[in-house]
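Next up, start34.pdb (PDB, N, CA and C atoms):
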ATOM      1  N   MET A 228      26.312  22.967  -0.848
ATOM      2  CA  MET A 228      25.453  22.346  -1.836
ATOM      3  C   MET A 228      24.420  21.483  -1.112
ATOM      4  N   ILE A 229      23.194  21.540  -1.562
ATOM      5  CA  ILE A 229      22.111  20.765  -0.965
ATOM      6  C   ILE A 229      22.067  19.379  -1.605
ATOM      7  N   ARG A 230      22.076  18.370  -0.735
ATOM      8  CA  ARG A 230      21.952  16.999  -1.250
ATOM      9  C   ARG A 230      20.497  16.735  -1.586
ATOM     10  N   ARG A 231      20.272  16.117  -2.706
ATOM     11  CA  ARG A 231      18.911  15.777  -3.097
ATOM     12  C   ARG A 231      18.662  14.310  -2.815
ATOM     13  N   ARG A 232      17.471  14.038  -2.347
ATOM     14  CA  ARG A 232      17.083  12.655  -2.095
ATOM     15  C   ARG A 232      16.867  11.930  -3.415
ATOM     16  N   GLU A 233      17.192  10.684  -3.407
ATOM     17  CA  GLU A 233      16.850   9.859  -4.557
ATOM     18  C   GLU A 233      15.336   9.706  -4.581
ATOM     19  N   PRO A 234      14.739   9.774  -5.748
ATOM     20  CA  PRO A 234      13.286   9.585  -5.787
ATOM     21  C   PRO A 234      12.928   8.164  -5.363
ATOM     22  N   TYR A 235      11.942   8.052  -4.509
ATOM     23  CA  TYR A 235      11.516   6.754  -4.007
ATOM     24  C   TYR A 235      10.257   6.321  -4.750
ATOM     25  N   ASP A 236      10.307   5.181  -5.371
ATOM     26  CA  ASP A 236       9.156   4.644  -6.089
ATOM     27  C   ASP A 236       8.634   3.441  -5.308
ATOM     28  N   PRO A 237       7.521   3.580  -4.601
ATOM     29  CA  PRO A 237       7.001   2.465  -3.804
ATOM     30  C   PRO A 237       6.515   1.293  -4.642
ATOM     31  N   LEU A 238       6.361   1.511  -5.948
ATOM     32  CA  LEU A 238       5.883   0.443  -6.828
ATOM     33  C   LEU A 238       6.990  -0.161  -7.681
ATOM     34  N   ALA A 239       8.228   0.203  -7.401
ATOM     35  CA  ALA A 239       9.348  -0.392  -8.140
ATOM     36  C   ALA A 239       9.456  -1.872  -7.778
ATOM     37  N   PRO A 240       9.773  -2.715  -8.743
ATOM     38  CA  PRO A 240       9.957  -4.137  -8.423
ATOM     39  C   PRO A 240      11.014  -4.299  -7.329
ATOM     40  N   SER A 241      10.789  -5.279  -6.470
ATOM     41  CA  SER A 241      11.688  -5.491  -5.349
ATOM     42  C   SER A 241      12.023  -6.973  -5.220
ATOM     43  N   ALA A 242      13.230  -7.248  -4.783
ATOM     44  CA  ALA A 242      13.632  -8.631  -4.540
ATOM     45  C   ALA A 242      13.069  -9.148  -3.221
ATOM     46  N   LYS A 243      12.431  -8.256  -2.454
ATOM     47  CA  LYS A 243      11.860  -8.641  -1.161
ATOM     48  C   LYS A 243      10.359  -8.886  -1.286
ATOM     49  N   THR A 244       9.844  -9.633  -0.341
ATOM     50  CA  THR A 244       8.412  -9.880  -0.276
ATOM     51  C   THR A 244       7.684  -8.587   0.060
ATOM     52  N   ARG A 245       6.543  -8.390  -0.550
ATOM     53  CA  ARG A 245       5.655  -7.266  -0.256
ATOM     54  C   ARG A 245       4.286  -7.823   0.088
ATOM     55  N   TRP A 246       3.430  -6.972   0.668
ATOM     56  CA  TRP A 246       2.062  -7.378   1.008
ATOM     57  C   TRP A 246       1.098  -6.359   0.435
ATOM     58  N   LEU A 247      -0.020  -6.837  -0.055
ATOM     59  CA  LEU A 247      -1.148  -5.990  -0.429
ATOM     60  C   LEU A 247      -2.103  -6.040   0.750
ATOM     61  N   ILE A 248      -2.366  -4.882   1.347
ATOM     62  CA  ILE A 248      -3.087  -4.831   2.615
ATOM     63  C   ILE A 248      -4.337  -3.969   2.484
ATOM     64  N   VAL A 249      -5.409  -4.401   3.137
ATOM     65  CA  VAL A 249      -6.654  -3.630   3.198
ATOM     66  C   VAL A 249      -6.957  -3.344   4.665
ATOM     67  N   TRP A 250      -7.143  -2.038   4.976
ATOM     68  CA  TRP A 250      -7.486  -1.611   6.325
ATOM     69  C   TRP A 250      -8.785  -0.820   6.295
ATOM     70  N   ASP A 251      -9.457  -0.776   7.447
ATOM     71  CA  ASP A 251     -10.532   0.196   7.613
ATOM     72  C   ASP A 251      -9.901   1.478   8.153
ATOM     73  N   MET A 252     -10.707   2.463   8.460
ATOM     74  CA  MET A 252     -10.164   3.751   8.876
ATOM     75  C   MET A 252      -9.644   3.771  10.310
ATOM     76  N   GLN A 253      -9.810   2.684  11.045
ATOM     77  CA  GLN A 253      -9.220   2.567  12.382
ATOM     78  C   GLN A 253      -7.982   1.666  12.339
ATOM     79  N   PHE A 254      -7.488   1.404  11.140
ATOM     80  CA  PHE A 254      -6.334   0.539  10.896
ATOM     81  C   PHE A 254      -6.541  -0.879  11.410
ATOM     82  N   ASN A 255      -7.774  -1.335  11.378
ATOM     83  CA  ASN A 255      -8.037  -2.748  11.611
ATOM     84  C   ASN A 255      -7.724  -3.480  10.320
ATOM     85  N   LEU A 256      -6.915  -4.498  10.417
ATOM     86  CA  LEU A 256      -6.530  -5.268   9.244
ATOM     87  C   LEU A 256      -7.726  -6.080   8.765
ATOM     88  N   LEU A 257      -8.152  -5.835   7.526
ATOM     89  CA  LEU A 257      -9.284  -6.559   6.963
ATOM     90  C   LEU A 257      -8.843  -7.692   6.055
ATOM     91  N   ASP A 258      -7.713  -7.484   5.357
ATOM     92  CA  ASP A 258      -7.216  -8.509   4.438
ATOM     93  C   ASP A 258      -5.763  -8.212   4.112
ATOM     94  N   SER A 259      -5.002  -9.254   3.851
ATOM     95  CA  SER A 259      -3.629  -9.069   3.376
ATOM     96  C   SER A 259      -3.260 -10.243   2.481
ATOM     97  N   THR A 260      -2.485  -9.942   1.465
ATOM     98  CA  THR A 260      -2.021 -10.950   0.517
ATOM     99  C   THR A 260      -0.520 -10.807   0.382
ATOM    100  N   GLU A 261       0.190 -11.888   0.626
ATOM    101  CA  GLU A 261       1.640 -11.863   0.447
ATOM    102  C   GLU A 261       1.953 -11.903  -1.041
ATOM    103  N   LEU A 262       2.865 -11.037  -1.468
ATOM    104  CA  LEU A 262       3.239 -10.938  -2.873
ATOM    105  C   LEU A 262       4.650 -11.469  -3.072
ATOM    106  N   ALA A 263       4.840 -12.189  -4.126
ATOM    107  CA  ALA A 263       6.145 -12.770  -4.428
ATOM    108  C   ALA A 263       7.146 -11.672  -4.786
ATOM    109  N   PRO A 264       8.425 -11.910  -4.517
ATOM    110  CA  PRO A 264       9.442 -10.956  -4.959
ATOM    111  C   PRO A 264       9.343 -10.733  -6.471
ATOM    112  N   HIS A 265       9.689  -9.543  -6.911
ATOM    113  CA  HIS A 265       9.699  -9.137  -8.320
ATOM    114  C   HIS A 265       8.307  -9.048  -8.939
ATOM    115  N   THR A 266       7.262  -8.984  -8.109
ATOM    116  CA  THR A 266       5.911  -8.764  -8.615
ATOM    117  C   THR A 266       5.840  -7.376  -9.252
ATOM    118  N   ASP A 267       5.116  -7.252 -10.355
ATOM    119  CA  ASP A 267       4.895  -5.948 -10.990
ATOM    120  C   ASP A 267       3.865  -5.201 -10.139
ATOM    121  N   LEU A 268       4.348  -4.417  -9.189
ATOM    122  CA  LEU A 268       3.479  -3.762  -8.215
ATOM    123  C   LEU A 268       2.598  -2.689  -8.853
ATOM    124  N   ALA A 269       3.115  -1.987  -9.855
ATOM    125  CA  ALA A 269       2.310  -0.955 -10.518
ATOM    126  C   ALA A 269       1.112  -1.590 -11.216
ATOM    127  N   ALA A 270       1.335  -2.685 -11.940
ATOM    128  CA  ALA A 270       0.235  -3.381 -12.618
ATOM    129  C   ALA A 270      -0.736  -3.957 -11.595
ATOM    130  N   LEU A 271      -0.198  -4.482 -10.507
ATOM    131  CA  LEU A 271      -1.055  -5.041  -9.459
ATOM    132  C   LEU A 271      -1.959  -3.967  -8.859
ATOM    133  N   MET A 272      -1.418  -2.789  -8.580
ATOM    134  CA  MET A 272      -2.229  -1.712  -7.996
ATOM    135  C   MET A 272      -3.285  -1.220  -8.986
ATOM    136  N   ARG A 273      -2.933  -1.120 -10.260
ATOM    137  CA  ARG A 273      -3.939  -0.724 -11.261
ATOM    138  C   ARG A 273      -5.069  -1.752 -11.308
ATOM    139  N   HIS A 274      -4.706  -3.025 -11.319
ATOM    140  CA  HIS A 274      -5.693  -4.103 -11.357
ATOM    141  C   HIS A 274      -6.552  -4.117 -10.087
ATOM    142  N   THR A 275      -5.925  -3.924  -8.954
ATOM    143  CA  THR A 275      -6.649  -3.912  -7.673
ATOM    144  C   THR A 275      -7.640  -2.755  -7.620
ATOM    145  N   ALA A 276      -7.206  -1.563  -8.039
ATOM    146  CA  ALA A 276      -8.102  -0.407  -8.057
ATOM    147  C   ALA A 276      -9.278  -0.665  -9.000
ATOM    148  N   GLN A 277      -9.010  -1.282 -10.127
ATOM    149  CA  GLN A 277     -10.076  -1.593 -11.079
ATOM    150  C   GLN A 277     -11.067  -2.591 -10.478
ATOM    151  N   GLN A 278     -10.555  -3.605  -9.770
ATOM    152  CA  GLN A 278     -11.431  -4.595  -9.127
ATOM    153  C   GLN A 278     -12.338  -3.938  -8.092
ATOM    154  N   TRP A 279     -11.772  -3.071  -7.253
ATOM    155  CA  TRP A 279     -12.574  -2.385  -6.239
ATOM    156  C   TRP A 279     -13.626  -1.513  -6.909
ATOM    157  N   SER A 280     -13.242  -0.822  -7.979
ATOM    158  CA  SER A 280     -14.181   0.031  -8.703
ATOM    159  C   SER A 280     -15.319  -0.798  -9.306
ATOM    160  N   GLU A 281     -14.989  -1.924  -9.898
ATOM    161  CA  GLU A 281     -16.005  -2.792 -10.499
ATOM    162  C   GLU A 281     -16.916  -3.417  -9.448
ATOM    163  N   SER A 282     -16.452  -3.470  -8.205
ATOM    164  CA  SER A 282     -17.260  -4.009  -7.108
ATOM    165  C   SER A 282     -18.156  -2.942  -6.475
ATOM    166  N   GLY A 283     -18.182  -1.756  -7.069
ATOM    167  CA  GLY A 283     -19.067  -0.708  -6.580
ATOM    168  C   GLY A 283     -18.431   0.297  -5.646
ATOM    169  N   TRP A 284     -17.129   0.189  -5.407
ATOM    170  CA  TRP A 284     -16.423   1.141  -4.557
ATOM    171  C   TRP A 284     -15.949   2.313  -5.410
ATOM    172  N   VAL A 285     -15.971   3.508  -4.831
ATOM    173  CA  VAL A 285     -15.446   4.693  -5.507
ATOM    174  C   VAL A 285     -13.971   4.814  -5.126
ATOM    175  N   VAL A 286     -13.099   4.637  -6.112
ATOM    176  CA  VAL A 286     -11.656   4.723  -5.885
ATOM    177  C   VAL A 286     -11.259   6.193  -5.944
ATOM    178  N   GLU A 287     -10.570   6.663  -4.914
ATOM    179  CA  GLU A 287     -10.314   8.095  -4.737
ATOM    180  C   GLU A 287      -9.024   8.600  -5.364
ATOM    181  N   SER A 288      -8.155   7.719  -5.850
ATOM    182  CA  SER A 288      -6.921   8.170  -6.504
ATOM    183  C   SER A 288      -6.448   7.083  -7.465
ATOM    184  N   ASP A 289      -5.345   7.365  -8.141
ATOM    185  CA  ASP A 289      -4.871   6.420  -9.159
ATOM    186  C   ASP A 289      -3.848   5.406  -8.650
ATOM    187  N   ALA A 290      -3.549   5.394  -7.378
ATOM    188  CA  ALA A 290      -2.684   4.399  -6.726
ATOM    189  C   ALA A 290      -1.223   4.461  -7.160
ATOM    190  N   ARG A 291      -0.798   5.538  -7.774
ATOM    191  CA  ARG A 291       0.589   5.607  -8.241
ATOM    192  C   ARG A 291       1.612   5.707  -7.122
ATOM    193  N   TYR A 292       1.167   6.016  -5.904
ATOM    194  CA  TYR A 292       2.093   6.124  -4.777
ATOM    195  C   TYR A 292       2.054   4.893  -3.870
ATOM    196  N   GLY A 293       1.450   3.831  -4.352
ATOM    197  CA  GLY A 293       1.463   2.582  -3.596
ATOM    198  C   GLY A 293       0.283   2.377  -2.682
ATOM    199  N   SER A 294      -0.694   3.288  -2.740
ATOM    200  CA  SER A 294      -1.884   3.125  -1.914
ATOM    201  C   SER A 294      -3.031   3.917  -2.516
ATOM    202  N   PHE A 295      -4.236   3.580  -2.098
ATOM    203  CA  PHE A 295      -5.394   4.385  -2.468
ATOM    204  C   PHE A 295      -6.498   4.171  -1.450
ATOM    205  N   PHE A 296      -7.362   5.166  -1.336
ATOM    206  CA  PHE A 296      -8.559   5.064  -0.525
ATOM    207  C   PHE A 296      -9.724   4.783  -1.456
ATOM    208  N   CYS A 297     -10.727   4.113  -0.926
ATOM    209  CA  CYS A 297     -11.969   3.935  -1.662
ATOM    210  C   CYS A 297     -13.115   3.943  -0.652
ATOM    211  N   HIS A 298     -14.309   4.272  -1.137
ATOM    212  CA  HIS A 298     -15.454   4.334  -0.237
ATOM    213  C   HIS A 298     -16.719   3.832  -0.946
ATOM    214  N   ARG A 299     -17.663   3.364  -0.118
ATOM    215  CA  ARG A 299     -18.958   2.893  -0.609
ATOM    216  C   ARG A 299     -19.915   2.844   0.578
ATOM    217  N   ALA A 300     -21.083   3.425   0.401
ATOM    218  CA  ALA A 300     -22.155   3.346   1.404
ATOM    219  C   ALA A 300     -21.680   3.676   2.818
ATOM    220  N   GLY A 301     -20.906   4.750   2.951
ATOM    221  CA  GLY A 301     -20.472   5.193   4.272
ATOM    222  C   GLY A 301     -19.267   4.459   4.827
ATOM    223  N   GLU A 302     -18.728   3.507   4.114
ATOM    224  CA  GLU A 302     -17.511   2.802   4.541
ATOM    225  C   GLU A 302     -16.337   3.306   3.720
ATOM    226  N   ARG A 303     -15.178   3.356   4.340
ATOM    227  CA  ARG A 303     -13.965   3.777   3.653
ATOM    228  C   ARG A 303     -12.855   2.780   3.934
ATOM    229  N   ARG A 304     -12.038   2.508   2.936
ATOM    230  CA  ARG A 304     -10.947   1.544   3.045
ATOM    231  C   ARG A 304      -9.650   2.178   2.555
ATOM    232  N   LEU A 305      -8.531   1.689   3.093
ATOM    233  CA  LEU A 305      -7.204   2.037   2.612
ATOM    234  C   LEU A 305      -6.582   0.760   2.081
ATOM    235  N   ILE A 306      -6.171   0.772   0.835
ATOM    236  CA  ILE A 306      -5.509  -0.373   0.210
ATOM    237  C   ILE A 306      -4.083   0.067  -0.095
ATOM    238  N   ALA A 307      -3.090  -0.714   0.320
ATOM    239  CA  ALA A 307      -1.701  -0.291   0.172
ATOM    240  C   ALA A 307      -0.771  -1.473  -0.026
ATOM    241  N   ILE A 308       0.352  -1.181  -0.670
ATOM    242  CA  ILE A 308       1.475  -2.116  -0.769
ATOM    243  C   ILE A 308       2.401  -1.813   0.400
ATOM    244  N   SER A 309       2.873  -2.832   1.079
ATOM    245  CA  SER A 309       3.757  -2.628   2.220
ATOM    246  C   SER A 309       4.892  -3.639   2.215
ATOM    247  N   ALA A 310       6.037  -3.205   2.719
ATOM    248  CA  ALA A 310       7.171  -4.112   2.893
ATOM    249  C   ALA A 310       7.112  -4.799   4.243
ATOM    250  N   ALA A 311       6.235  -4.322   5.123
ATOM    251  CA  ALA A 311       6.118  -4.883   6.470
ATOM    252  C   ALA A 311       5.003  -5.921   6.516
ATOM    253  N   ASP A 312       5.287  -7.051   7.108
ATOM    254  CA  ASP A 312       4.282  -8.103   7.273
ATOM    255  C   ASP A 312       3.201  -7.593   8.220
ATOM    256  N   PRO A 313       1.966  -7.486   7.762
ATOM    257  CA  PRO A 313       0.924  -6.914   8.615
ATOM    258  C   PRO A 313       0.544  -7.784   9.812
ATOM    259  N   SER A 314       0.950  -9.038   9.805
ATOM    260  CA  SER A 314       0.638  -9.902  10.946
ATOM    261  C   SER A 314       1.587  -9.683  12.114
ATOM    262  N   LEU A 315       2.689  -8.970  11.888
ATOM    263  CA  LEU A 315       3.649  -8.685  12.946
ATOM    264  C   LEU A 315       3.380  -7.317  13.529
ATOM    265  N   ARG A 316       3.368  -7.214  14.812
ATOM    266  CA  ARG A 316       3.139  -5.937  15.484
ATOM    267  C   ARG A 316       4.470  -5.235  15.707
ATOM    268  N   THR A 317       4.469  -3.918  15.478
ATOM    269  CA  THR A 317       5.698  -3.152  15.693
ATOM    270  C   THR A 317       5.739  -2.535  17.078
ATOM    271  N   GLY A 318       4.603  -2.499  17.762
ATOM    272  CA  GLY A 318       4.548  -1.917  19.083
ATOM    273  C   GLY A 318       4.280  -0.432  19.081
ATOM    274  N   GLY A 319       4.330   0.192  17.902
ATOM    275  CA  GLY A 319       4.117   1.625  17.823
ATOM    276  C   GLY A 319       2.959   2.007  16.936
ATOM    277  N   GLY A 320       1.968   1.167  16.826
ATOM    278  CA  GLY A 320       0.834   1.456  15.953
ATOM    279  C   GLY A 320       0.755   0.423  14.853
ATOM    280  N   PRO A 321       0.185   0.806  13.716
ATOM    281  CA  PRO A 321       0.037  -0.156  12.633
ATOM    282  C   PRO A 321       1.396  -0.675  12.165
ATOM    283  N   SER A 322       1.431  -1.900  11.705
ATOM    284  CA  SER A 322       2.698  -2.516  11.322
ATOM    285  C   SER A 322       3.129  -2.160   9.911
ATOM    286  N   TRP A 323       2.447  -1.241   9.262
ATOM    287  CA  TRP A 323       2.774  -0.943   7.874
ATOM    288  C   TRP A 323       3.889   0.076   7.716
ATOM    289  N   HIS A 324       4.410   0.625   8.796
ATOM    290  CA  HIS A 324       5.492   1.594   8.681
ATOM    291  C   HIS A 324       6.771   0.891   8.223
ATOM    292  N   GLU A 325       7.320   1.369   7.146
ATOM    293  CA  GLU A 325       8.547   0.790   6.598
ATOM    294  C   GLU A 325       9.761   1.607   7.051
ATOM    295  N   SER A 326      10.916   1.001   6.955
ATOM    296  CA  SER A 326      12.123   1.757   7.249
ATOM    297  C   SER A 326      12.428   2.689   6.091
ATOM    298  N   CYS A 327      13.220   3.700   6.355
ATOM    299  CA  CYS A 327      13.616   4.671   5.343
ATOM    300  C   CYS A 327      14.394   3.955   4.240
ATOM    301  N   PRO A 328      14.023   4.157   2.956
ATOM    302  CA  PRO A 328      14.725   3.460   1.883
ATOM    303  C   PRO A 328      16.158   3.933   1.689
ATOM    304  N   THR A 329      16.507   5.096   2.242
ATOM    305  CA  THR A 329      17.852   5.632   2.070
ATOM    306  C   THR A 329      18.776   5.246   3.213
ATOM    307  N   CYS A 330      18.315   5.459   4.453
ATOM    308  CA  CYS A 330      19.201   5.249   5.593
ATOM    309  C   CYS A 330      18.868   3.992   6.399
ATOM    310  N   GLY A 331      17.692   3.398   6.181
ATOM    311  CA  GLY A 331      17.335   2.181   6.885
ATOM    312  C   GLY A 331      16.703   2.401   8.238
ATOM    313  N   GLU A 332      16.578   3.644   8.699
ATOM    314  CA  GLU A 332      15.979   3.902  10.016
ATOM    315  C   GLU A 332      14.489   3.826   9.958
TER
END

The structure in this file should be written as structure tokens.
Amino acid sequence: MIRRREPYDPLAPSAKTRWLIVWDMQFNLLDSTELAPHTDLAALMRHTAQQWSESGWVVESDARYGSFFCHRAGERRLIAISAADPSLRTGGGPSWHESCPTCGE
């Protein structure tokens, strides 16, 4: 029998701190906001996408997977929710890589 993975919802409320992060396409950190535990992440992402859109950026997706790209005048940004503190370096690239929600690796 094949084991099925539990569906992972990156926008599910969490008892842990999360960060809303903005990067350029070279993963240079442009902005980050620490979010309180139990923040409604889905509502936050909808609101964030709307703010970027109202600021003249073209939002490229609906952010239901915890991130979205947007672009304006030749610039492109990645906005994402992360469990990793973006100010801490992991040594293996951008610090936004999270551990596996099932096994912890």

With the file shown as input, list the residues that the PyMOL selection byres (((chain A and resi 255 and name CA) around 12) and name CA) selects, as a PDB file with N, CA and C atoms, keeping the file's coordinate frame.
ATOM      1  N   ILE A 248      -2.366  -4.882   1.347  1.00  0.00           N
ATOM      2  CA  ILE A 248      -3.087  -4.831   2.615  1.00  0.00           C
ATOM      3  C   ILE A 248      -4.337  -3.969   2.484  1.00  0.00           C
ATOM      4  N   VAL A 249      -5.409  -4.401   3.137  1.00  0.00           N
ATOM      5  CA  VAL A 249      -6.654  -3.630   3.198  1.00  0.00           C
ATOM      6  C   VAL A 249      -6.957  -3.344   4.665  1.00  0.00           C
ATOM      7  N   TRP A 250      -7.143  -2.038   4.976  1.00  0.00           N
ATOM      8  CA  TRP A 250      -7.486  -1.611   6.325  1.00  0.00           C
ATOM      9  C   TRP A 250      -8.785  -0.820   6.295  1.00  0.00           C
ATOM     10  N   ASP A 251      -9.457  -0.776   7.447  1.00  0.00           N
ATOM     11  CA  ASP A 251     -10.532   0.196   7.613  1.00  0.00           C
ATOM     12  C   ASP A 251      -9.901   1.478   8.153  1.00  0.00           C
ATOM     13  N   MET A 252     -10.707   2.463   8.460  1.00  0.00           N
ATOM     14  CA  MET A 252     -10.164   3.751   8.876  1.00  0.00           C
ATOM     15  C   MET A 252      -9.644   3.771  10.310  1.00  0.00           C
ATOM     16  N   GLN A 253      -9.810   2.684  11.045  1.00  0.00           N
ATOM     17  CA  GLN A 253      -9.220   2.567  12.382  1.00  0.00           C
ATOM     18  C   GLN A 253      -7.982   1.666  12.339  1.00  0.00           C
ATOM     19  N   PHE A 254      -7.488   1.404  11.140  1.00  0.00           N
ATOM     20  CA  PHE A 254      -6.334   0.539  10.896  1.00  0.00           C
ATOM     21  C   PHE A 254      -6.541  -0.879  11.410  1.00  0.00           C
ATOM     22  N   LEU A 256      -6.915  -4.498  10.417  1.00  0.00           N
ATOM     23  CA  LEU A 256      -6.530  -5.268   9.244  1.00  0.00           C
ATOM     24  C   LEU A 256      -7.726  -6.080   8.765  1.00  0.00           C
ATOM     25  N   LEU A 257      -8.152  -5.835   7.526  1.00  0.00           N
ATOM     26  CA  LEU A 257      -9.284  -6.559   6.963  1.00  0.00           C
ATOM     27  C   LEU A 257      -8.843  -7.692   6.055  1.00  0.00           C
ATOM     28  N   ASP A 258      -7.713  -7.484   5.357  1.00  0.00           N
ATOM     29  CA  ASP A 258      -7.216  -8.509   4.438  1.00  0.00           C
ATOM     30  C   ASP A 258      -5.763  -8.212   4.112  1.00  0.00           C
ATOM     31  N   SER A 259      -5.002  -9.254   3.851  1.00  0.00           N
ATOM     32  CA  SER A 259      -3.629  -9.069   3.376  1.00  0.00           C
ATOM     33  C   SER A 259      -3.260 -10.243   2.481  1.00  0.00           C
ATOM     34  N   ARG A 303     -15.178   3.356   4.340  1.00  0.00           N
ATOM     35  CA  ARG A 303     -13.965   3.777   3.653  1.00  0.00           C
ATOM     36  C   ARG A 303     -12.855   2.780   3.934  1.00  0.00           C
ATOM     37  N   ARG A 304     -12.038   2.508   2.936  1.00  0.00           N
ATOM     38  CA  ARG A 304     -10.947   1.544   3.045  1.00  0.00           C
ATOM     39  C   ARG A 304      -9.650   2.178   2.555  1.00  0.00           C
ATOM     40  N   LEU A 305      -8.531   1.689   3.093  1.00  0.00           N
ATOM     41  CA  LEU A 305      -7.204   2.037   2.612  1.00  0.00           C
ATOM     42  C   LEU A 305      -6.582   0.760   2.081  1.00  0.00           C
ATOM     43  N   ILE A 306      -6.171   0.772   0.835  1.00  0.00           N
ATOM     44  CA  ILE A 306      -5.509  -0.373   0.210  1.00  0.00           C
ATOM     45  C   ILE A 306      -4.083   0.067  -0.095  1.00  0.00           C
ATOM     46  N   PRO A 313       1.966  -7.486   7.762  1.00  0.00           N
ATOM     47  CA  PRO A 313       0.924  -6.914   8.615  1.00  0.00           C
ATOM     48  C   PRO A 313       0.544  -7.784   9.812  1.00  0.00           C
ATOM     49  N   SER A 314       0.950  -9.038   9.805  1.00  0.00           N
ATOM     50  CA  SER A 314       0.638  -9.902  10.946  1.00  0.00           C
ATOM     51  C   SER A 314       1.587  -9.683  12.114  1.00  0.00           C
ATOM     52  N   GLY A 320       1.968   1.167  16.826  1.00  0.00           N
ATOM     53  CA  GLY A 320       0.834   1.456  15.953  1.00  0.00           C
ATOM     54  C   GLY A 320       0.755   0.423  14.853  1.00  0.00           C
ATOM     55  N   PRO A 321       0.185   0.806  13.716  1.00  0.00           N
ATOM     56  CA  PRO A 321       0.037  -0.156  12.633  1.00  0.00           C
ATOM     57  C   PRO A 321       1.396  -0.675  12.165  1.00  0.00           C
ATOM     58  N   SER A 322       1.431  -1.900  11.705  1.00  0.00           N
ATOM     59  CA  SER A 322       2.698  -2.516  11.322  1.00  0.00           C
ATOM     60  C   SER A 322       3.129  -2.160   9.911  1.00  0.00           C
ATOM     61  N   TRP A 323       2.447  -1.241   9.262  1.00  0.00           N
ATOM     62  CA  TRP A 323       2.774  -0.943   7.874  1.00  0.00           C
ATOM     63  C   TRP A 323       3.889   0.076   7.716  1.00  0.00           C
TER      64      TRP A 323
END

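Every polymer residue reaching to within 6 Å of (2.6, 1.5, -7.3), counting all atoms listed in the file, appears in this list: Pro237, Leu238, Ala239, Leu268, Ala269, Met272, Ala290, Arg291, Tyr292, Gly293 and Ser294 of chain A.
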
### Task
Please write the residues picked by the PyMOL selection byres ((chain A and resi 266) around 8) on this file as an MDAnalysis selection string.
chainID A and resid 238:245 262:265 267:271

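Between CA of Asp236 (chain A) and CA of Trp284 (chain A) there is a distance of 25.9 Å.
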
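On the backbone of this structure, DSSP gives alpha helix (DSSP H) within chain A to Leu268, Ala269, Ala270, Leu271, Met272, Arg273, His274, Thr275, Ala276, Gln277, Gln278, Trp279, Ser280 and Glu281 of chain A.
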
### Task
Between CA of Ala307 (chain A) and atom N of Arg232 (chain A), measure the distance and give it in Å to one decimal.
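Those two atoms sit 24.1 Å apart.
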
### Message
Taking only N, CA and C atoms into account, name the residue in A:Leu247, A:Gln278, A:Arg273, A:Val285 that is nearest to Ala300 (chain A).
### Response
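Answer, going by the shortest atom-to-atom distance: A:Val285.
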
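What separates atom C of Glu281 (chain A) from atom C of Arg299 (chain A) is a distance of 12.2 Å.
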